[in-house]
file entry.tsv (TSV, C-alpha atoms (C1' of nucleotides))
chain	number	residue	atom	x	y	z
A	184	MET	CA	102.32	104.84	110.81
A	185	PRO	CA	100.03	106.82	112.87
A	186	GLU	CA	98.20	105.15	115.68
A	187	LEU	CA	95.62	106.66	117.95
A	188	PRO	CA	97.87	109.30	119.60
A	189	GLU	CA	99.21	110.56	116.28
A	190	VAL	CA	95.71	110.81	114.80
A	191	GLU	CA	94.51	112.55	117.95
A	192	THR	CA	97.35	115.05	117.52
A	193	PHE	CA	96.15	115.77	113.98
A	194	VAL	CA	92.63	116.30	115.32
A	195	ARG	CA	93.99	118.90	117.72
A	196	ILE	CA	96.28	120.62	115.22
A	197	LEU	CA	93.65	120.85	112.48
A	198	GLY	CA	90.84	121.71	114.88
A	199	GLU	CA	92.61	124.32	116.98
A	200	GLY	CA	95.24	125.50	114.54
A	201	TYR	CA	98.36	127.24	115.73
A	202	PRO	CA	99.96	130.68	115.29
A	203	ASP	CA	100.16	131.68	111.61
A	204	ASN	CA	98.07	128.65	110.61
A	205	PRO	CA	94.62	128.85	112.11
A	206	SER	CA	92.02	126.11	112.36
A	207	ILE	CA	90.41	124.74	109.20
A	208	VAL	CA	87.07	124.44	110.98
A	209	GLY	CA	84.56	126.79	109.34
A	210	ARG	CA	86.39	126.81	106.01
A	211	GLU	CA	84.64	125.88	102.80
A	212	VAL	CA	86.09	123.52	100.20
A	213	VAL	CA	86.26	125.43	96.92
A	214	ASP	CA	88.10	122.84	94.83
A	215	ALA	CA	89.45	119.32	95.06
A	216	ARG	CA	92.21	117.53	93.21
A	217	VAL	CA	92.80	113.79	93.29
A	218	LEU	CA	96.41	113.12	92.34
A	219	TRP	CA	96.46	109.36	93.05
A	220	ALA	CA	93.08	107.84	92.31
A	221	ARG	CA	93.43	104.81	94.59
A	222	THR	CA	93.69	107.10	97.60
A	223	LEU	CA	89.93	107.44	97.29
A	224	ALA	CA	88.15	104.42	98.71
A	225	MET	CA	84.87	106.06	97.75
A	226	PRO	CA	83.38	107.59	95.69
A	227	ASP	CA	85.15	107.81	92.31
A	228	PRO	CA	87.28	110.94	91.73
A	229	GLY	CA	84.76	112.71	89.53
A	230	THR	CA	81.90	112.25	91.96
A	231	PHE	CA	84.17	113.16	94.85
A	232	GLN	CA	85.18	116.44	93.25
A	233	SER	CA	81.70	117.59	92.39
A	234	ARG	CA	80.24	116.46	95.68
A	235	ILE	CA	82.77	117.93	98.13
A	236	VAL	CA	83.05	121.38	96.53
A	237	GLY	CA	80.85	123.82	98.41
A	238	GLN	CA	80.81	121.87	101.65
A	239	ARG	CA	82.01	123.49	104.85
A	240	ILE	CA	84.21	121.80	107.45
A	241	GLU	CA	82.12	121.85	110.60
A	242	ARG	CA	83.84	119.54	113.04
A	243	ILE	CA	86.96	117.42	113.38
A	244	GLY	CA	87.08	114.20	115.33
A	245	ARG	CA	88.54	110.73	115.49
A	246	ARG	CA	87.34	107.14	115.69
A	247	GLY	CA	90.11	104.60	116.19
A	248	LYS	CA	92.79	105.57	113.68
A	249	PHE	CA	90.27	107.29	111.39
A	250	LEU	CA	90.24	111.06	111.23
A	251	ARG	CA	86.68	112.36	110.79
A	252	LEU	CA	85.93	115.67	109.11
A	253	SER	CA	82.23	116.49	109.44
A	254	LEU	CA	81.19	118.51	106.41
A	255	SER	CA	77.93	120.32	105.65
A	256	GLN	CA	76.38	117.25	104.00
A	257	ASP	CA	78.86	114.40	104.18
A	258	GLU	CA	81.66	113.09	106.28
A	259	LEU	CA	85.26	112.84	105.09
A	260	LEU	CA	87.08	109.91	106.67
A	261	ILE	CA	90.87	109.73	106.41
A	262	HIS	CA	93.04	106.75	107.31
A	263	LEU	CA	96.76	107.50	107.18
A	264	ARG	CA	97.90	103.85	107.24
A	265	MET	CA	101.71	103.62	107.16
A	266	SER	CA	102.99	106.90	105.77
A	267	GLY	CA	100.05	109.29	105.48
A	268	ASP	CA	100.42	112.91	106.54
A	269	LEU	CA	98.21	115.99	106.51
A	270	LEU	CA	99.42	119.49	105.80
A	271	VAL	CA	97.73	122.87	105.76
A	272	GLU	CA	99.69	125.11	103.43
A	273	PRO	CA	99.26	128.12	101.15
A	274	SER	CA	97.50	127.16	97.93
A	275	ASP	CA	100.28	128.65	95.83
A	276	SER	CA	103.11	126.68	97.42
A	277	PRO	CA	104.72	124.07	95.15
A	278	LEU	CA	103.17	120.59	95.18
A	279	ALA	CA	105.23	118.08	97.13
A	280	VAL	CA	106.07	114.86	95.30
A	281	HIS	CA	103.90	112.60	97.44
A	282	HIS	CA	100.76	114.72	97.66
A	283	ARG	CA	97.86	112.41	96.79
A	284	LEU	CA	94.76	114.53	97.39
A	285	ILE	CA	94.24	118.27	97.76
A	286	LEU	CA	91.32	120.24	99.13
A	287	GLU	CA	91.45	123.93	98.28
A	288	LEU	CA	89.94	126.07	101.03
A	289	ASP	CA	88.17	129.42	100.81
A	290	ASP	CA	90.95	131.32	102.59
A	291	GLY	CA	93.83	130.70	100.18
A	292	ARG	CA	95.09	127.62	101.95
A	293	ARG	CA	94.80	123.95	101.09
A	294	LEU	CA	94.56	120.74	103.06
A	295	ALA	CA	96.98	118.26	101.49
A	296	PHE	CA	97.04	114.51	102.03
A	297	ASN	CA	100.62	113.39	101.53
A	298	ASP	CA	101.36	109.67	101.48
A	299	THR	CA	104.69	108.24	100.32
A	300	ARG	CA	103.64	104.61	100.31
A	301	LYS	CA	100.11	105.14	98.93
A	302	PHE	CA	98.47	102.87	101.52
A	303	GLY	CA	96.34	105.66	102.96
A	304	ARG	CA	92.63	105.88	102.13
A	305	VAL	CA	89.95	108.56	102.08
A	306	TRP	CA	86.17	108.10	102.09
A	307	LEU	CA	83.49	110.69	101.39
A	308	THR	CA	80.16	109.38	102.58
A	309	ASP	CA	76.87	110.37	104.16
A	310	ASP	CA	76.92	107.13	106.13
A	311	PRO	CA	80.21	106.94	108.08
A	312	GLN	CA	78.94	103.97	110.07
A	313	GLN	CA	79.28	101.94	106.91
A	314	VAL	CA	83.05	102.42	107.27
A	315	LEU	CA	83.40	102.72	111.06
A	316	GLY	CA	80.68	100.31	112.12
A	317	GLU	CA	82.87	97.26	112.66
A	318	LEU	CA	85.42	98.99	114.88
A	319	GLY	CA	85.94	97.79	118.42
A	320	PRO	CA	85.62	100.01	121.50
A	321	GLU	CA	87.64	103.17	122.05
A	322	PRO	CA	90.30	102.31	124.63
A	323	LEU	CA	90.03	105.72	126.29
A	324	ASP	CA	86.24	105.61	126.56
A	325	PRO	CA	85.48	105.63	130.32
A	326	ASN	CA	82.36	103.56	129.66
A	327	PHE	CA	84.61	100.73	128.51
A	328	THR	CA	85.43	98.94	131.76
A	329	GLY	CA	88.01	96.45	132.93
A	330	GLN	CA	85.21	93.92	133.24
A	331	ASP	CA	84.19	94.52	129.60
A	332	PHE	CA	87.80	94.03	128.56
A	333	TYR	CA	88.16	90.84	130.58
A	334	GLN	CA	85.04	89.39	128.98
A	335	ALA	CA	86.16	90.40	125.50
A	336	LEU	CA	89.57	88.75	126.04
A	337	HIS	CA	87.84	85.57	127.18
A	338	SER	CA	85.34	85.54	124.34
A	339	ARG	CA	88.23	84.64	122.02
A	340	ARG	CA	91.27	82.49	122.03
A	341	ARG	CA	93.96	84.62	120.44
A	342	GLN	CA	97.56	85.59	120.94
A	343	LEU	CA	97.52	88.90	122.81
A	344	LYS	CA	99.51	90.98	120.39
A	345	PRO	CA	97.59	90.22	117.18
A	346	LEU	CA	94.39	90.66	119.16
A	347	LEU	CA	95.42	94.14	120.33
A	348	LEU	CA	96.25	95.01	116.71
A	349	ASP	CA	92.82	93.80	115.55
A	350	GLN	CA	90.75	96.95	115.08
A	351	HIS	CA	87.54	94.95	115.46
A	352	PHE	CA	88.63	93.99	118.95
A	353	ILE	CA	89.86	97.39	120.14
A	354	ALA	CA	90.31	100.49	118.00
A	355	GLY	CA	93.44	102.60	117.75
A	356	LEU	CA	96.38	100.46	118.81
A	357	GLY	CA	99.22	99.76	116.37
A	358	ASN	CA	102.61	98.15	116.60
A	359	ILE	CA	104.26	100.74	118.84
A	360	TYR	CA	101.61	101.21	121.48
A	361	SER	CA	100.71	97.51	121.70
A	362	ASP	CA	104.35	96.61	122.38
A	363	GLU	CA	104.53	99.40	124.97
A	364	ALA	CA	101.31	98.36	126.68
A	365	LEU	CA	102.34	94.69	126.85
A	366	HIS	CA	105.74	95.62	128.26
A	367	ARG	CA	104.20	97.89	130.85
A	368	SER	CA	101.77	95.20	131.98
A	369	LYS	CA	104.53	92.54	131.94
A	370	LEU	CA	102.62	90.30	129.56
A	371	HIS	CA	104.14	88.30	126.74
A	372	PRO	CA	102.70	89.01	123.26
A	373	LEU	CA	102.08	85.28	122.69
A	374	HIS	CA	100.01	84.94	125.86
A	375	GLN	CA	96.55	83.49	125.10
A	376	SER	CA	93.82	86.06	125.57
A	377	ASP	CA	91.52	83.69	127.47
A	378	GLN	CA	94.27	82.81	129.95
A	379	LEU	CA	94.40	86.30	131.52
A	380	SER	CA	93.15	86.74	135.06
A	381	GLU	CA	90.80	89.59	135.88
A	382	SER	CA	93.62	91.57	137.47
A	383	GLN	CA	95.92	90.97	134.49
A	384	SER	CA	93.14	92.14	132.17
A	385	ARG	CA	92.63	95.25	134.24
A	386	ASP	CA	96.39	95.93	134.29
A	387	LEU	CA	96.57	95.54	130.54
A	388	LEU	CA	93.73	98.01	129.96
A	389	ASP	CA	95.33	100.43	132.42
A	390	SER	CA	98.65	100.10	130.57
A	391	ILE	CA	96.98	100.67	127.21
A	392	ARG	CA	95.43	103.86	128.53
A	393	ILE	CA	98.66	105.07	130.13
A	394	VAL	CA	100.77	104.64	126.99
A	395	LEU	CA	98.09	106.16	124.73
A	396	LYS	CA	97.66	109.17	127.01
A	397	GLU	CA	101.39	109.70	127.28
A	398	GLY	CA	101.66	109.41	123.51
A	399	ILE	CA	98.97	112.07	123.12
A	400	ARG	CA	100.62	114.30	125.71
A	401	ARG	CA	103.88	114.10	123.77
A	402	ASN	CA	102.14	114.75	120.42
A	403	GLY	CA	102.77	111.23	119.14
A	404	THR	CA	105.81	109.28	118.03
A	405	SER	CA	108.11	110.49	115.24
A	406	ILE	CA	110.42	107.89	113.67
A	407	ASP	CA	112.61	108.37	110.61
A	408	TRP	CA	110.98	110.65	108.05
A	409	VAL	CA	107.48	109.52	109.01
A	410	TYR	CA	105.30	111.79	111.12
A	411	ARG	CA	106.53	115.09	112.46
A	412	GLY	CA	106.46	116.90	115.70
A	413	GLY	CA	106.02	114.21	118.33
A	414	ASP	CA	108.62	113.16	120.87
A	415	PHE	CA	107.21	109.99	122.42
A	416	GLN	CA	109.96	108.09	120.57
A	417	ASN	CA	112.28	109.35	123.32
A	418	TYR	CA	110.23	107.62	125.99
A	419	LEU	CA	109.65	104.18	124.45
A	420	ARG	CA	110.51	101.28	126.76
A	421	ALA	CA	110.33	98.33	124.38
A	422	TYR	CA	109.41	99.23	120.78
A	423	GLY	CA	112.48	99.57	118.56
A	424	ARG	CA	114.85	99.01	121.48
A	425	THR	CA	116.31	95.65	120.41
A	426	GLY	CA	119.50	94.98	122.39
A	427	LEU	CA	119.05	98.02	124.63
A	428	PRO	CA	118.45	97.55	128.35
A	429	CYS	CA	114.91	97.17	129.64
A	430	PRO	CA	114.22	100.35	131.67
A	431	THR	CA	112.74	98.21	134.42
A	432	CYS	CA	115.35	95.48	134.90
A	433	GLY	CA	118.25	96.09	132.52
A	434	THR	CA	117.83	92.87	130.53
A	435	PRO	CA	118.40	93.48	126.80
A	436	ILE	CA	115.18	93.85	124.82
A	437	VAL	CA	114.63	91.05	122.30
A	438	ARG	CA	112.94	91.31	118.90
A	439	LEU	CA	110.67	88.56	117.69
A	440	ILE	CA	108.00	88.19	115.03
A	441	VAL	CA	104.41	87.79	116.16
A	442	GLY	CA	101.55	87.87	113.69
A	443	GLN	CA	104.01	88.87	110.94
A	444	ARG	CA	104.93	91.99	112.88
A	445	SER	CA	108.15	93.04	114.55
A	446	THR	CA	107.63	92.69	118.30
A	447	HIS	CA	109.78	93.84	121.20
A	448	VAL	CA	109.84	92.22	124.61
A	449	CYS	CA	111.85	92.09	127.78
A	450	PRO	CA	112.50	88.35	128.24
A	451	ASN	CA	112.76	88.87	132.00
A	452	CYS	CA	109.74	91.13	132.67
A	453	GLN	CA	107.55	89.41	130.06
A	454	PRO	CA	108.08	85.67	130.49
A	455	ALA	CA	106.92	83.53	127.57
A	456	PRO	CA	103.78	81.47	128.16
A	457	ASP	CA	104.11	77.67	128.44
B	273	DA	C1'	87.84	80.97	114.79
B	274	DC	C1'	92.48	81.56	114.21
B	275	DG	C1'	97.05	82.19	112.20
B	276	DA	C1'	100.19	82.33	108.32
B	277	DG	C1'	101.35	84.21	103.84
B	278	DC	C1'	101.01	87.71	100.68
B	279	DG	C1'	99.86	92.00	98.25
B	280	DC	C1'	99.72	96.82	98.23
B	281	DC	C1'	103.90	100.88	97.69
B	282	DT	C1'	108.16	103.77	98.33
B	283	DG	C1'	112.16	104.71	100.73
B	284	DT	C1'	116.23	103.84	103.81
B	285	DC	C1'	119.84	101.26	105.56
B	286	DG	C1'	123.46	97.82	106.02
B	287	DG	C1'	126.24	94.18	103.97
B	288	DC	C1'	128.98	92.57	100.27
C	243	DT	C1'	129.99	102.92	93.94
C	244	DG	C1'	126.23	99.73	92.97
C	245	DC	C1'	123.25	96.05	93.88
C	246	DC	C1'	120.16	93.35	96.87
C	247	DG	C1'	117.67	92.01	100.69
C	248	DA	C1'	115.52	93.34	105.01
C	249	DC	C1'	112.64	96.34	107.02
C	250	DA	C1'	109.08	100.17	108.00
C	251	DG	C1'	103.48	103.44	112.96
C	252	DG	C1'	98.40	99.13	108.43
C	253	DC	C1'	95.11	96.30	106.76
C	254	DG	C1'	92.45	93.22	103.68
C	255	DC	C1'	92.44	89.00	101.24
C	256	DT	C1'	93.11	84.04	100.70
C	257	DC	C1'	93.98	79.44	102.43
C	258	DG	C1'	94.50	75.68	105.64
call {"tool": "encode", "arguments": {"input": "entry.tsv", "output": "structure tokens"}}
result
Amino acid sequence: MPELPEVETFVRILGEGYPDNPSIVGREVVDARVLWARTLAMPDPGTFQSRIVGQRIERIGRRGKFLRLSLSQDELLIHLRMSGDLLVEPSDSPLAVHHRLILELDDGRRLAFNDTRKFGRVWLTDDPQQVLGELGPEPLDPNFTGQDFYQALHSRRRQLKPLLLDQHFIAGLGNIYSDEALHRSKLHPLHQSDQLSESQSRDLLDSIRIVLKEGIRRNGTSIDWVYRGGDFQNYLRAYGRTGLPCPTCGTPIVRLIVGQRSTHVCPNCQPAPD
DNA sequence: ACGAGCGCCTGTCGGC
DNA sequence: TGCCGACAGGCGCTCG
């Protein structure tokens, strides 16, 4: 589920808190419960429990779609995958069915990782680079330039859409925001990466940044029962709009499969490559 | 190097 | 009503 804007929204919510549910920064972990063992990528549940208890949450950040909680000694990395969710709730509230991992805090609240489909993963490590090291550049990093992007696109020969979804190539895009960025830049998802001109590359990077920033501004995208609180779903131009008119030209949006993933294009604005 | 196929999971929805 | 397949914000693995 969550892509960069949704994870960024969690960073803000957990880091700043909100009325009646203040920030978890500064809190100490006083207990941990692993309810679905495979949620833990590392270490094993026993080690995890003994190692995390007593550590304080010092900082909250993000790298790609990974949420990073800097603790006193270690770093806790959380990847929500398709259906992961994070809740801060009173420690005495009943356990929801899909809670997979619980951190009890020193103020009577708990941080709960809830994950219906069990794809989400959590790492506790003193070497986060071991997990994050292979990630591509952050799309919103101002040091990442249009020229860098052009060269990266030309260093491979890939279909655009699977390339944008490849976290080694660029970190943070998922199915929604890649469809939105391609639609905005009028590029077809099957376009070969090394066929883009410099100006098309620049446009694509601009579009990626625009859709990510708008997603962040609107607190992410909420669809069905997955992810709460965002409203970017009301502003999507291509994703999930099969048969509905393209906001630019009115042509019905078409759904196709690219790289095994549902993909949404305007056949008029995004002409298929030869 | 690249793309397809599949596994991992649970839940919802639409068709028959 | 019940059953069954398709599908879902991700990603890692195999195999050509």
call {"tool": "residues_around", "arguments": {"input": "entry.tsv", "residues": "Ser405 in chain A", "least_positions_apart": "5", "cutoff": "8 Å", "atoms": "only C-alpha atoms (C1' of nucleotides)", "output": "mmCIF file with C-alpha atoms, keeping the file's coordinate frame"}}
result
data_model
loop_
_atom_site.group_PDB
_atom_site.id
_atom_site.type_symbol
_atom_site.label_atom_id
_atom_site.label_comp_id
_atom_site.auth_asym_id
_atom_site.auth_seq_id
_atom_site.Cartn_x
_atom_site.Cartn_y
_atom_site.Cartn_z
ATOM 1 C CA TYR A 410 105.300 111.790 111.120
ATOM 2 C CA ARG A 411 106.530 115.090 112.460
ATOM 3 C CA GLY A 412 106.460 116.900 115.700
ATOM 4 C CA GLY A 413 106.020 114.210 118.330
ATOM 5 C CA ASP A 414 108.620 113.160 120.870
ATOM 6 C CA PHE A 415 107.210 109.990 122.420
ATOM 7 C CA GLN A 416 109.960 108.090 120.570
#
call {"tool": "atom_distance", "arguments": {"input": "entry.tsv", "atom1": "CA of Glu189 in chain A", "atom2": "CA of Arg400 in chain A"}}
result
10.2 Å
call {"tool": "residues_around", "arguments": {"input": "entry.tsv", "residues": "Pro185 in chain A", "least_positions_apart": "6", "cutoff": "10 Å", "atoms": "all atoms listed in the file", "output": "PyMOL selection string"}}
result
(chain A and resi 191-193+248-249+262-268+355-359+403-405+409-410) or (chain C and resi 251-252)
call {"tool": "atom_distance", "arguments": {"input": "entry.tsv", "atom1": "CA of Val194 in chain A", "atom2": "CA of Gly244 in chain A"}}
result
5.9 Å
call {"tool": "interface_residues", "arguments": {"input": "entry.tsv", "of": "chain B", "to": "chain A", "cutoff": "8 Å", "atoms": "all atoms listed in the file", "output": "PyMOL selection string"}}
result
chain B and resi 274-276+280-282
call {"tool": "atom_distance", "arguments": {"input": "entry.tsv", "atom1": "CA of His282 in chain A", "atom2": "CA of Pro228 in chain A"}}
result
15.2 Å
call {"tool": "residues_around", "arguments": {"input": "entry.tsv", "residues": "DC288 in chain B", "least_positions_apart": "6", "cutoff": "12 Å", "atoms": "only C-alpha atoms (C1' of nucleotides)", "output": "PDB file with C-alpha atoms (C1' of nucleotides), keeping the file's coordinate frame"}}
result
ATOM      1  C1'  DG C 244     126.230  99.730  92.970  1.00  0.00           C
ATOM      2  C1'  DC C 245     123.250  96.050  93.880  1.00  0.00           C
ATOM      3  C1'  DC C 246     120.160  93.350  96.870  1.00  0.00           C
ATOM      4  C1'  DG C 247     117.670  92.010 100.690  1.00  0.00           C
TER       5       DG C 247
END
